[in-house]
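Undergrad: Input work24.tsv, format and content: TSV, C-alpha atoms and all ligand atoms.
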```tsv
chain	number	residue	atom	x	y	z
J	142	MET	CA	206.87	113.76	65.15
J	143	ALA	CA	204.22	114.77	62.72
J	144	THR	CA	202.14	117.63	64.03
J	145	GLU	CA	198.58	116.57	63.59
J	146	ARG	CA	195.80	119.04	64.10
J	147	LEU	CA	193.14	117.72	66.43
J	148	VAL	CA	190.30	119.80	65.03
J	149	GLU	CA	189.96	121.81	61.85
J	150	ASP	CA	189.17	125.52	61.99
J	151	TYR	CA	187.22	126.74	58.99
J	152	HIS	CA	186.58	130.26	60.30
J	153	PRO	CA	189.61	131.66	58.48
J	154	GLN	CA	187.84	130.59	55.27
J	155	THR	CA	185.32	133.41	55.79
J	156	ALA	CA	187.76	136.08	57.00
J	157	ALA	CA	187.58	137.92	53.69
J	158	GLU	CA	183.83	138.38	54.08
J	159	ARG	CA	184.21	140.09	57.45
J	160	ARG	CA	184.86	143.77	57.94
J	161	LEU	CA	185.32	143.64	61.71
J	162	PRO	CA	185.94	147.10	63.17
J	163	GLU	CA	189.42	147.99	64.33
J	164	ARG	CA	188.12	148.66	67.81
J	165	LEU	CA	184.88	147.49	69.34
J	166	ILE	CA	183.07	149.78	71.77
J	167	LEU	CA	180.56	147.47	73.41
J	168	TRP	CA	177.54	149.46	74.53
J	169	ASP	CA	175.82	147.81	77.45
J	170	GLU	CA	172.05	148.25	77.83
J	171	THR	CA	171.46	146.03	80.88
J	172	LEU	CA	170.51	148.98	83.09
J	173	ARG	CA	168.13	150.54	80.53
J	174	ASP	CA	166.55	148.02	78.12
J	175	GLY	CA	167.41	145.17	80.48
J	176	GLU	CA	165.58	146.94	83.26
J	177	GLN	CA	162.58	147.46	80.99
J	178	MET	CA	162.01	143.71	81.06
J	179	PRO	CA	158.59	143.21	82.70
J	180	GLY	CA	158.88	143.02	86.46
J	181	VAL	CA	162.56	144.02	86.60
J	182	HIS	CA	163.76	147.05	88.50
J	183	PHE	CA	167.10	148.00	89.96
J	184	THR	CA	167.62	150.42	92.83
J	185	PRO	CA	170.27	153.10	92.17
J	186	GLU	CA	172.66	151.19	94.46
J	187	GLU	CA	172.03	147.96	92.54
J	188	LYS	CA	172.65	149.79	89.27
J	189	LEU	CA	175.96	150.97	90.69
J	190	ARG	CA	177.00	147.42	91.64
J	191	ILE	CA	176.23	146.17	88.14
J	192	ALA	CA	177.90	149.20	86.53
J	193	GLU	CA	181.07	148.63	88.58
J	194	ALA	CA	181.14	144.97	87.57
J	195	LEU	CA	180.61	145.88	83.90
J	196	SER	CA	183.29	148.53	84.05
J	197	ASP	CA	185.75	146.19	85.78
J	198	ALA	CA	185.10	143.60	83.09
J	199	GLY	CA	186.19	146.17	80.52
J	200	VAL	CA	182.82	147.26	79.10
J	201	PRO	CA	183.61	150.75	77.80
J	202	LEU	CA	180.13	152.31	77.60
J	203	LEU	CA	176.95	151.75	79.56
J	204	ASN	CA	173.47	153.16	79.44
J	205	ALA	CA	172.50	154.06	83.01
J	206	GLY	CA	168.87	154.82	82.24
J	207	ILE	CA	166.39	157.54	81.28
J	208	PRO	CA	166.51	160.34	83.90
J	209	VAL	CA	162.96	161.62	83.17
J	210	VAL	CA	161.45	158.23	84.08
J	211	SER	CA	161.44	159.00	87.81
J	212	GLU	CA	163.37	160.80	90.53
J	213	GLU	CA	164.97	157.50	91.56
J	214	GLU	CA	166.06	156.90	87.98
J	215	ALA	CA	167.60	160.38	87.80
J	216	ARG	CA	169.39	159.65	91.09
J	217	ALA	CA	170.68	156.36	89.67
J	218	VAL	CA	172.13	158.06	86.59
J	219	ARG	CA	173.77	160.73	88.75
J	220	LEU	CA	175.18	158.09	91.09
J	221	LEU	CA	176.80	156.25	88.16
J	222	ALA	CA	178.00	159.42	86.44
J	223	GLU	CA	179.74	160.52	89.65
J	224	ALA	CA	181.17	157.11	90.57
J	225	GLY	CA	184.41	157.62	88.63
J	226	LEU	CA	183.93	154.43	86.61
J	227	ARG	CA	186.34	153.57	83.83
J	228	ALA	CA	183.30	152.99	81.60
J	229	LYS	CA	181.65	156.02	80.04
J	230	VAL	CA	178.16	156.65	81.38
J	231	LEU	CA	175.35	157.31	78.96
J	232	ALA	CA	171.78	158.38	79.65
J	233	ALA	CA	168.86	158.41	77.25
J	234	GLY	CA	166.06	160.78	76.36
J	235	ARG	CA	163.39	161.41	73.75
J	236	THR	CA	163.59	164.21	71.17
J	237	VAL	CA	162.16	166.50	73.82
J	238	PRO	CA	164.17	169.47	75.21
J	239	GLY	CA	163.29	168.59	78.82
J	240	ASP	CA	164.67	165.05	78.35
J	241	VAL	CA	167.99	166.41	77.08
J	242	ASP	CA	168.12	168.88	80.00
J	243	ALA	CA	167.62	166.00	82.43
J	244	VAL	CA	170.55	164.11	80.89
J	245	VAL	CA	172.76	167.22	81.05
J	246	LYS	CA	171.82	167.66	84.71
J	247	SER	CA	172.58	163.99	85.47
J	248	GLY	CA	176.26	164.49	84.72
J	249	ALA	CA	176.39	161.70	82.12
J	250	SER	CA	178.96	162.38	79.39
J	251	HIS	CA	177.01	160.55	76.69
J	252	ILE	CA	173.41	160.82	75.54
J	253	ALA	CA	171.27	158.60	73.34
J	254	ILE	CA	168.45	160.61	71.79
J	255	PHE	CA	165.71	158.38	70.50
J	256	VAL	CA	162.65	158.70	68.31
J	257	ALA	CA	160.69	156.22	66.22
J	258	ALA	CA	161.16	155.88	62.47
J	259	SER	CA	158.60	153.48	61.02
J	260	GLN	CA	155.25	154.68	59.72
J	261	VAL	CA	153.33	152.55	62.21
J	262	HIS	CA	155.15	154.25	65.10
J	263	LEU	CA	154.79	157.74	63.63
J	264	ARG	CA	151.10	157.40	62.88
J	265	TYR	CA	149.84	155.46	65.89
J	266	LYS	CA	152.29	156.19	68.68
J	267	LEU	CA	154.05	159.51	68.13
J	268	LYS	CA	151.30	161.09	66.00
J	269	MET	CA	154.03	163.06	64.26
J	270	THR	CA	154.79	163.63	60.59
J	271	GLN	CA	158.20	162.78	59.14
J	272	ASP	CA	159.00	166.50	58.93
J	273	GLU	CA	158.18	166.95	62.60
J	274	VAL	CA	160.38	163.99	63.55
J	275	VAL	CA	163.31	165.43	61.58
J	276	ALA	CA	162.86	168.88	63.12
J	277	ALA	CA	162.63	167.59	66.71
J	278	SER	CA	165.61	165.27	66.17
J	279	VAL	CA	167.84	167.95	64.68
J	280	SER	CA	167.04	170.51	67.38
J	281	THR	CA	167.58	168.11	70.31
J	282	VAL	CA	170.83	166.79	68.79
J	283	ARG	CA	172.02	170.42	68.51
J	284	GLN	CA	170.91	171.12	72.07
J	285	ALA	CA	172.87	168.12	73.39
J	286	LYS	CA	175.95	169.00	71.34
J	287	GLN	CA	175.87	172.56	72.66
J	288	ALA	CA	175.80	171.14	76.18
J	289	GLY	CA	179.02	169.28	75.36
J	290	LEU	CA	177.61	165.75	75.29
J	291	HIS	CA	178.69	162.86	73.08
J	292	VAL	CA	175.53	162.27	71.08
J	293	ALA	CA	174.20	158.99	69.78
J	294	PHE	CA	171.04	159.15	67.72
J	295	VAL	CA	168.67	156.19	67.82
J	296	THR	CA	165.53	155.43	65.88
J	297	GLU	CA	163.25	152.76	67.17
J	298	ASP	CA	162.04	150.37	64.47
J	299	THR	CA	164.68	151.56	61.97
J	300	VAL	CA	164.50	148.35	59.97
J	301	ARG	CA	160.74	148.66	59.34
J	302	ALA	CA	160.91	152.31	58.24
J	303	PRO	CA	160.95	153.63	54.66
J	304	PHE	CA	164.63	153.77	53.69
J	305	ASP	CA	164.33	157.20	52.09
J	306	PHE	CA	163.11	158.58	55.41
J	307	VAL	CA	165.84	156.75	57.35
J	308	GLU	CA	168.43	158.27	55.01
J	309	ARG	CA	167.00	161.78	55.29
J	310	LEU	CA	166.67	161.65	59.09
J	311	TYR	CA	170.12	160.24	59.82
J	312	LYS	CA	171.84	162.59	57.38
J	313	ALA	CA	170.09	165.50	59.08
J	314	VAL	CA	171.22	164.50	62.57
J	315	LEU	CA	174.76	163.81	61.34
J	316	GLU	CA	174.85	167.34	60.00
J	317	ALA	CA	173.49	168.59	63.33
J	318	GLY	CA	176.52	167.00	65.01
J	319	ALA	CA	175.46	163.49	66.06
J	320	ASP	CA	178.55	161.43	66.89
J	321	ARG	CA	177.12	157.93	66.62
J	322	LEU	CA	174.15	156.47	64.74
J	323	VAL	CA	172.11	153.56	66.06
J	324	VAL	CA	170.09	151.20	63.88
J	325	ALA	CA	167.44	149.38	65.92
J	326	ASP	CA	165.67	146.12	65.16
J	327	THR	CA	163.15	146.94	67.86
J	328	VAL	CA	160.88	143.94	67.32
J	329	GLY	CA	163.58	141.48	66.33
J	330	ILE	CA	162.50	140.70	62.77
J	331	MET	CA	165.89	140.80	61.05
J	332	THR	CA	167.83	137.74	59.93
J	333	PRO	CA	171.63	137.83	59.64
J	334	LEU	CA	171.47	137.97	55.84
J	335	THR	CA	168.79	140.66	55.60
J	336	PHE	CA	170.42	142.69	58.34
J	337	ARG	CA	173.75	142.69	56.53
J	338	TRP	CA	171.94	143.90	53.42
J	339	PHE	CA	170.19	146.63	55.43
J	340	LEU	CA	173.42	147.79	57.05
J	341	ARG	CA	175.31	147.85	53.75
J	342	GLU	CA	172.51	149.94	52.26
J	343	PHE	CA	172.55	152.19	55.35
J	344	ARG	CA	176.29	152.73	55.00
J	345	ARG	CA	175.96	153.41	51.28
J	346	ARG	CA	173.22	155.97	51.82
J	347	VAL	CA	174.28	157.58	55.13
J	348	GLY	CA	177.94	156.69	55.36
J	349	PRO	CA	178.55	156.68	59.12
J	350	THR	CA	181.96	155.86	60.53
J	351	ASP	CA	180.76	155.27	64.06
J	352	TRP	CA	177.62	153.22	64.29
J	353	SER	CA	175.73	150.88	66.48
J	354	VAL	CA	172.94	148.31	66.37
J	355	HIS	CA	170.23	147.36	68.81
J	356	CYS	CA	168.93	143.82	68.27
J	357	HIS	CA	166.00	142.07	69.90
J	358	ASN	CA	165.53	138.37	70.39
J	359	ASP	CA	161.89	137.83	69.39
J	360	PHE	CA	162.89	135.09	66.94
J	361	GLY	CA	165.99	134.05	68.88
J	362	LEU	CA	168.28	135.87	66.43
J	363	ALA	CA	169.51	138.81	68.51
J	364	VAL	CA	173.05	137.48	68.91
J	365	ALA	CA	173.28	136.18	65.32
J	366	ASN	CA	172.10	139.53	63.97
J	367	THR	CA	174.50	141.43	66.23
J	368	ILE	CA	177.40	139.29	65.03
J	369	ALA	CA	176.28	139.88	61.43
J	370	ALA	CA	176.34	143.63	62.16
J	371	VAL	CA	179.86	143.48	63.60
J	372	GLU	CA	180.88	141.47	60.53
J	373	GLU	CA	179.55	144.42	58.53
J	374	GLY	CA	181.77	146.85	60.44
J	375	VAL	CA	179.41	148.08	63.15
J	376	THR	CA	181.57	149.54	65.90
J	377	SER	CA	179.39	149.68	69.01
J	378	PRO	CA	176.72	146.99	69.24
J	379	HIS	CA	174.21	147.03	72.08
J	380	VAL	CA	174.32	144.08	74.47
J	381	CYS	CA	172.68	143.08	77.75
J	382	VAL	CA	174.02	140.72	80.39
J	383	ASN	CA	172.08	137.41	80.20
J	384	GLY	CA	170.23	138.77	77.17
J	385	LEU	CA	167.92	140.69	79.47
J	386	GLY	CA	165.50	143.16	77.89
J	387	GLU	CA	161.97	143.78	76.75
J	388	ARG	CA	159.95	140.71	75.70
J	389	ALA	CA	162.44	138.03	74.63
J	390	GLY	CA	165.32	140.38	75.44
J	391	ASN	CA	168.37	141.77	73.67
J	392	ALA	CA	171.62	140.32	72.36
J	393	SER	CA	173.47	138.73	75.26
J	394	LEU	CA	176.76	140.36	76.22
J	395	GLU	CA	178.49	137.10	77.05
J	396	GLU	CA	177.47	135.38	73.80
J	397	VAL	CA	178.44	138.28	71.55
J	398	VAL	CA	181.81	138.60	73.29
J	399	MET	CA	182.63	134.89	73.22
J	400	VAL	CA	181.58	134.39	69.59
J	401	LEU	CA	183.98	137.16	68.57
J	402	GLU	CA	186.78	136.14	70.94
J	403	SER	CA	186.59	132.41	70.72
J	404	LEU	CA	185.42	131.75	67.16
J	405	TYR	CA	187.04	134.67	65.33
J	406	GLY	CA	189.99	135.30	67.65
J	407	TYR	CA	188.92	138.95	67.82
J	408	LYS	CA	189.98	141.05	70.80
J	409	THR	CA	186.87	142.67	72.29
J	410	GLY	CA	188.69	144.28	75.21
J	411	ILE	CA	186.48	142.38	77.65
J	412	ARG	CA	187.94	140.33	80.51
J	413	THR	CA	186.06	137.20	79.57
J	414	ASP	CA	186.84	135.47	82.87
J	415	ARG	CA	184.47	137.99	84.49
J	416	LEU	CA	181.48	136.97	82.37
J	417	PHE	CA	180.09	134.23	84.59
J	418	GLY	CA	180.31	136.38	87.74
J	419	LEU	CA	178.64	139.26	85.92
J	420	SER	CA	175.88	136.94	84.76
J	421	GLN	CA	175.30	135.63	88.29
J	422	LEU	CA	175.21	139.15	89.73
J	423	VAL	CA	172.63	140.30	87.19
J	424	GLU	CA	170.59	137.13	87.68
J	425	GLU	CA	170.49	137.82	91.40
J	426	LEU	CA	169.71	141.55	91.20
J	427	SER	CA	167.18	141.28	88.35
J	428	GLY	CA	165.47	138.21	89.76
J	429	VAL	CA	165.35	136.73	86.25
J	430	PRO	CA	166.71	133.17	86.38
J	431	ILE	CA	169.08	132.04	83.66
J	432	ALA	CA	167.77	129.09	81.64
J	433	ALA	CA	169.70	125.91	82.42
J	434	ASN	CA	170.63	125.50	78.76
J	435	LYS	CA	171.58	129.15	78.19
J	436	ALA	CA	174.83	129.37	76.24
J	437	LEU	CA	177.99	129.91	78.30
J	438	VAL	CA	176.35	130.92	81.59
J	439	GLY	CA	173.51	128.39	81.99
J	440	TYR	CA	173.95	125.66	84.60
J	441	ASN	CA	174.27	122.99	81.92
J	442	SER	CA	176.53	124.70	79.46
J	443	PHE	CA	179.64	122.96	80.84
J	444	SER	CA	178.00	119.90	82.44
J	445	HIS	CA	178.25	116.35	81.17
J	446	GLU	CA	176.34	113.25	82.07
J	447	ALA	CA	176.08	110.93	79.07
J	448	GLY	CA	178.65	108.14	79.20
J	449	ILE	CA	180.02	108.67	75.72
J	450	HIS	CA	180.42	112.40	76.30
J	451	THR	CA	181.98	112.04	79.74
J	452	HIS	CA	184.41	109.48	78.41
J	453	GLY	CA	185.37	111.89	75.62
J	454	ILE	CA	185.74	114.87	77.94
J	455	LEU	CA	187.93	112.92	80.34
J	456	ALA	CA	190.19	111.90	77.47
J	457	ASN	CA	190.29	115.35	75.83
J	458	THR	CA	187.90	118.23	76.48
J	459	LEU	CA	188.02	119.22	72.80
J	460	THR	CA	185.78	116.24	72.05
J	461	TYR	CA	182.63	117.79	73.47
J	462	GLU	CA	183.50	121.34	74.54
J	463	PRO	CA	184.12	124.19	72.10
J	464	LEU	CA	185.91	126.23	74.76
J	465	GLN	CA	187.28	125.85	78.26
J	466	PRO	CA	184.81	126.86	81.00
J	467	GLU	CA	187.62	128.84	82.66
J	468	ALA	CA	187.50	131.21	79.69
J	469	VAL	CA	184.23	132.61	81.06
J	470	GLY	CA	185.24	132.24	84.69
J	471	ARG	CA	183.64	128.95	85.67
J	472	GLY	CA	184.32	125.24	85.87
J	473	ARG	CA	182.88	122.06	84.37
J	474	GLN	CA	180.63	119.61	86.12
J	475	MET	CA	180.36	115.88	85.75
J	476	ILE	CA	176.85	114.72	86.57
J	477	LEU	CA	176.17	111.18	87.73
J	478	GLY	CA	172.84	109.74	86.59
J	479	LYS	CA	170.92	107.52	84.21
J	480	HIS	CA	173.32	108.17	81.33
J	481	THR	CA	176.58	107.71	83.26
J	482	GLY	CA	179.25	105.36	81.96
J	483	LYS	CA	182.16	103.51	83.57
J	484	ALA	CA	184.83	106.10	82.76
J	485	ALA	CA	183.05	108.75	84.85
J	486	LEU	CA	182.87	106.39	87.83
J	487	VAL	CA	186.56	105.49	87.62
J	488	GLU	CA	187.35	109.21	87.54
J	489	LYS	CA	184.99	109.97	90.40
J	490	LEU	CA	186.48	107.18	92.54
J	491	LYS	CA	189.92	108.77	92.17
J	492	GLU	CA	188.71	111.69	94.29
J	493	ARG	CA	189.10	109.42	97.32
J	494	SER	CA	191.75	107.13	95.87
J	495	ALA	CA	189.13	104.38	95.64
J	496	ARG	CA	189.73	101.47	93.27
J	497	ALA	CA	187.01	99.05	92.25
J	498	ASP	CA	187.43	95.80	90.36
J	499	ASP	CA	185.27	95.15	87.31
J	500	PRO	CA	182.35	93.35	89.00
J	501	MET	CA	182.23	96.05	91.69
J	502	LEU	CA	182.32	98.75	89.05
J	503	ALA	CA	179.51	97.09	87.12
J	504	GLU	CA	177.38	96.88	90.23
J	505	LEU	CA	178.15	100.49	91.19
J	506	LEU	CA	177.21	101.63	87.68
J	507	LYS	CA	173.93	99.73	87.89
J	508	ARG	CA	173.09	101.43	91.19
J	509	VAL	CA	174.03	104.90	89.97
J	510	LYS	CA	171.85	104.46	86.86
J	511	GLU	CA	168.93	103.18	88.92
J	512	ARG	CA	169.24	106.02	91.35
J	513	GLY	CA	169.36	108.49	88.44
J	514	GLU	CA	166.26	106.96	86.88
J	515	HIS	CA	164.29	107.06	90.07
J	516	ARG	CA	165.35	110.40	91.37
J	517	SER	CA	162.27	112.30	92.48
J	518	LYS	CA	161.37	115.38	90.49
J	519	ALA	CA	158.87	116.47	93.13
J	520	GLU	CA	161.06	119.11	94.71
J	521	LEU	CA	162.01	120.62	91.38
J	522	GLN	CA	158.38	120.60	90.27
J	523	ARG	CA	157.27	122.31	93.46
J	524	PHE	CA	159.89	124.97	92.87
J	525	LEU	CA	158.78	125.34	89.25
J	526	SER	CA	155.16	125.91	90.16
J	527	GLU	CA	156.16	128.61	92.67
J	528	TYR	CA	158.41	130.14	90.04
J	529	ARG	CA	155.60	130.17	87.48
J	530	ALA	CA	153.20	131.77	89.92
J	531	LEU	CA	155.76	134.52	90.55
J	532	PHE	CA	156.34	135.13	86.86
J	533	GLU	CA	152.67	135.16	85.92
J	534	HIS	CA	152.21	138.28	87.99
J	535	PRO	CA	155.34	140.41	87.90
J	536	GLY	CA	155.27	144.09	88.80
J	537	VAL	CA	152.51	145.72	90.82
J	538	SER	CA	149.79	143.14	91.57
J	539	ASP	CA	146.17	143.58	90.52
J	540	GLN	CA	145.15	143.78	94.16
J	541	GLU	CA	147.71	146.49	94.90
J	542	PHE	CA	146.61	148.43	91.84
J	543	TRP	CA	142.91	148.48	92.68
J	544	GLN	CA	143.74	149.43	96.26
J	545	MET	CA	145.58	152.48	94.90
J	546	VAL	CA	142.60	153.35	92.68
J	547	GLU	CA	140.28	153.04	95.64
J	548	SER	CA	142.45	155.06	98.01
J	549	LEU	CA	142.57	157.88	95.47
J	550	GLY	CA	138.75	157.90	95.36
J	551	ILE	CA	138.69	157.26	91.57
J	552	PRO	CA	135.04	156.44	90.77
J	553	MET	CA	134.50	152.92	89.45
J	554	GLU	CA	131.77	150.42	88.89
J	555	ALA	CA	131.06	148.24	91.91
J	556	ARG	CA	131.81	144.56	91.24
J	601	MN	MN	165.00	147.76	72.92
```
Could you express the structure from this file as structure tokens?
Ligand code: MN

TA:
Amino acid sequence: MATERLVEDYHPQTAAERRLPERLILWDETLRDGEQMPGVHFTPEEKLRIAEALSDAGVPLLNAGIPVVSEEEARAVRLLAEAGLRAKVLAAGRTVPGDVDAVVKSGASHIAIFVAASQVHLRYKLKMTQDEVVAASVSTVRQAKQAGLHVAFVTEDTVRAPFDFVERLYKAVLEAGADRLVVADTVGIMTPLTFRWFLREFRRRVGPTDWSVHCHNDFGLAVANTIAAVEEGVTSPHVCVNGLGERAGNASLEEVVMVLESLYGYKTGIRTDRLFGLSQLVEELSGVPIAANKALVGYNSFSHEAGIHTHGILANTLTYEPLQPEAVGRGRQMILGKHTGKAALVEKLKERSARADDPMLAELLKRVKERGEHRSKAELQRFLSEYRALFEHPGVSDQEFWQMVESLGIPMEAR
């Protein structure tokens, strides 16, 4: 029998253009950048639950937080550092000696020391000169190395900074002992093509062997840019479960993993069947609902309603699914509604060994379609308006804030 391929795979055609790293060290940022999403906060115990799930799924490195943020945050980092996780625990700090001390005290084995690199950040936010940034970076990297930490050095806004300064700064911290260099697209303005150019130039000028990227999703390109970076040899990309993070979020863990695993056949070391459970856990503990059409973990990403699609799926799932839902630890759903066709009904009837003749089937189909067309959206709309009201005012409410101001006796204009 002739072996006929059911679908073509053109990914091997581009294999020569990829320089995928030998080993990927996924660096999870859910508990740091993810938590910085407006309105999101995790208790130390919640951080531990997420960290355990990440670690069990095979994520090798996770940022637990910034210990100087608050006492609770310091407690969270300590809790994770002492939990005996398989994943390495990292904590972050600015180029300030006290921040590094706090990380040392937390018991984390890894530190990410961060400072801004672009002129707009230096002039308006840090109010530091380039020389001052280099000096503070070098001395805190040395301090952390002397304390025995694995040191990653991060600049915010790397891709909008003058390249000569980027080169000088990163070379200086490498010489001071930094183990890993992080390039950040803090406001998400890279495209895959430009990012690959930037990273090639970075490697040519700085020459790191162990490097990382931090991509934001402001233009919806966080995952694409992260994949482009891994294609360029980046070893430890930052990811967040569900793409959580500031503003439009970061590169989503599940998407980055499945693109590499499923499209390139690359072994990420992640137990992909844990991804859906991880996503649900983070959705629940962050309170940030996953969009229905979110890739891989959204409610619709393995659901089918349209007659033509359902018919295809029932005959062979390759027709309308690029991967099996079980690969990410979930199942598929067949939805009955306006777009349903006969094949889905025949299949559904089998559940109770029911058999309908053609006229019966036609009538049943008519009723299902009608019901689908007239289904009330009222309940969903009520839920949506409650949801919007909640999301319009995340965090501490205005009323709570002004009550605090008043109780402290801060003088203000009467309204
Ligand atoms: Mn960020």

Undergrad: Would you list the residues that come within 8 Å of ligand MN 601 (chain J)? Count only C-alpha atoms and all ligand atoms and give the answer as a PyMOL selection string.

TA: chain J and resi 174+297+325-328+355-357+386-387+390-391

Undergrad: Leaving out Val347 (chain J) and any residue of its chain fewer than 6 positions from it, which residues lie within 8 Å of it when counting all atoms listed in the file, given as a tab-separated table (two decimals) with C-alpha atoms, keeping the file's coordinate frame?

TA:
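What landed in selection33.tsv:
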```tsv
chain	number	residue	atom	x	y	z
J	308	GLU	CA	168.43	158.27	55.01
J	311	TYR	CA	170.12	160.24	59.82
J	312	LYS	CA	171.84	162.59	57.38
```

Undergrad: I'd like the neighbourhood of Thr184 (chain J) as a list in words, where a residue qualifies if any of its atoms comes within 9 Å (using only C-alpha atoms), though same-chain residues fewer than 4 positions away should be ignored.

TA: Lys188, Leu189, Glu213, Glu214 and Ala217 of chain J

Undergrad: Mind pulling up the distance from CA of Leu394 (chain J) to CA of Val382 (chain J)?

TA: 5.0 Å

Undergrad: Return the single residue from J:Ala317, J:Asn383, J:Val397, J:Glu462 that is closest to Ala432 (chain J), with distances computed using all atoms listed in the file.

TA: J:Asn383

Undergrad: Which residues come within 6 Å of Ile207 (chain J), counting only C-alpha atoms, excluding same-chain residues fewer than 2 positions away, as a list in words?

TA: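 Surrounding residues, per the criterion: Val209, Val210, Ala232, Ala233 and Gly234 of chain J.
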
Undergrad: Mind checking which residues fall within 12 Å of Leu322 (chain J), counting only C-alpha atoms, ignoring those fewer than 5 positions away in the same chain, and posting them as a PyMOL selection string?

TA: chain J and resi 252-255+282+291-297+299+307-308+310-316+340+343-344+347-355+375-379

Undergrad: Those selected residues, please, written with C-alpha atoms and delivered as a PDB file, keeping the file's coordinate frame.

TA:
```pdb
ATOM      1  CA  ILE J 252     173.410 160.820  75.540  1.00  0.00           C
ATOM      2  CA  ALA J 253     171.270 158.600  73.340  1.00  0.00           C
ATOM      3  CA  ILE J 254     168.450 160.610  71.790  1.00  0.00           C
ATOM      4  CA  PHE J 255     165.710 158.380  70.500  1.00  0.00           C
ATOM      5  CA  VAL J 282     170.830 166.790  68.790  1.00  0.00           C
ATOM      6  CA  HIS J 291     178.690 162.860  73.080  1.00  0.00           C
ATOM      7  CA  VAL J 292     175.530 162.270  71.080  1.00  0.00           C
ATOM      8  CA  ALA J 293     174.200 158.990  69.780  1.00  0.00           C
ATOM      9  CA  PHE J 294     171.040 159.150  67.720  1.00  0.00           C
ATOM     10  CA  VAL J 295     168.670 156.190  67.820  1.00  0.00           C
ATOM     11  CA  THR J 296     165.530 155.430  65.880  1.00  0.00           C
ATOM     12  CA  GLU J 297     163.250 152.760  67.170  1.00  0.00           C
ATOM     13  CA  THR J 299     164.680 151.560  61.970  1.00  0.00           C
ATOM     14  CA  VAL J 307     165.840 156.750  57.350  1.00  0.00           C
ATOM     15  CA  GLU J 308     168.430 158.270  55.010  1.00  0.00           C
ATOM     16  CA  LEU J 310     166.670 161.650  59.090  1.00  0.00           C
ATOM     17  CA  TYR J 311     170.120 160.240  59.820  1.00  0.00           C
ATOM     18  CA  LYS J 312     171.840 162.590  57.380  1.00  0.00           C
ATOM     19  CA  ALA J 313     170.090 165.500  59.080  1.00  0.00           C
ATOM     20  CA  VAL J 314     171.220 164.500  62.570  1.00  0.00           C
ATOM     21  CA  LEU J 315     174.760 163.810  61.340  1.00  0.00           C
ATOM     22  CA  GLU J 316     174.850 167.340  60.000  1.00  0.00           C
ATOM     23  CA  LEU J 340     173.420 147.790  57.050  1.00  0.00           C
ATOM     24  CA  PHE J 343     172.550 152.190  55.350  1.00  0.00           C
ATOM     25  CA  ARG J 344     176.290 152.730  55.000  1.00  0.00           C
ATOM     26  CA  VAL J 347     174.280 157.580  55.130  1.00  0.00           C
ATOM     27  CA  GLY J 348     177.940 156.690  55.360  1.00  0.00           C
ATOM     28  CA  PRO J 349     178.550 156.680  59.120  1.00  0.00           C
ATOM     29  CA  THR J 350     181.960 155.860  60.530  1.00  0.00           C
ATOM     30  CA  ASP J 351     180.760 155.270  64.060  1.00  0.00           C
ATOM     31  CA  TRP J 352     177.620 153.220  64.290  1.00  0.00           C
ATOM     32  CA  SER J 353     175.730 150.880  66.480  1.00  0.00           C
ATOM     33  CA  VAL J 354     172.940 148.310  66.370  1.00  0.00           C
ATOM     34  CA  HIS J 355     170.230 147.360  68.810  1.00  0.00           C
ATOM     35  CA  VAL J 375     179.410 148.080  63.150  1.00  0.00           C
ATOM     36  CA  THR J 376     181.570 149.540  65.900  1.00  0.00           C
ATOM     37  CA  SER J 377     179.390 149.680  69.010  1.00  0.00           C
ATOM     38  CA  PRO J 378     176.720 146.990  69.240  1.00  0.00           C
ATOM     39  CA  HIS J 379     174.210 147.030  72.080  1.00  0.00           C
TER      40      HIS J 379
END
```

Undergrad: Leaving out region 433-448 of chain J and any residue of its chain fewer than 4 positions from it, which residues lie within 8 Å of it when counting only C-alpha atoms, given as a PyMOL selection string?

TA: chain J and resi 383+395-396+416-417+420+452+462+466+469+472-478+480-485

Undergrad: To one decimal in Å, tell me the separation between CA of Arg341 (chain J) and CA of Asn366 (chain J).

TA: 13.6 Å

Undergrad: With distances taken over all atoms listed in the file, which residue among J:Arg496, J:Arg235, J:His534, J:His152 lies nearest Val400 (chain J)?

TA: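 Closest to Val400 (chain J), using all atoms listed in the file: J:His152.
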
Undergrad: Looking at all atoms listed in the file, which of J:Val398, J:Ala370, J:Leu502, J:Ala495 is the one that sits closest to Gly410 (chain J)?

TA: J:Val398

Undergrad: For CA of Arg301 (chain J) and CA of Val261 (chain J), quote the distance in Å rounded to one decimal.

TA: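 A separation of 8.8 Å between them.
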
Undergrad: Given the choices J:Ser526, J:Asn358, J:Ser196, J:Thr236, which gets closest to Leu221 (chain J) if the distance is worked out from only C-alpha atoms?

TA: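 Closest candidate: J:Ser196.
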
Undergrad: Report, as lines of an AutoDock Vina configuration file, the axis-aligned box around all atoms of region 531-542 of chain J present in the file, extended by 8 Å on each side; give centre and edge lengths in Å to one decimal place.

TA:
```
center_x = 150.7
center_y = 141.5
center_z = 90.4
size_x = 27.2
size_y = 29.9
size_z = 25.0
```

Undergrad: Using all atoms listed in the file, can you tell me which of J:Thr451, J:Ser278, J:Ser403, J:Gln522 comes closest to Pro463 (chain J)?

TA: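 Looking only at the distances to Pro463 (chain J), the closest residue turns out to be J:Ser403.
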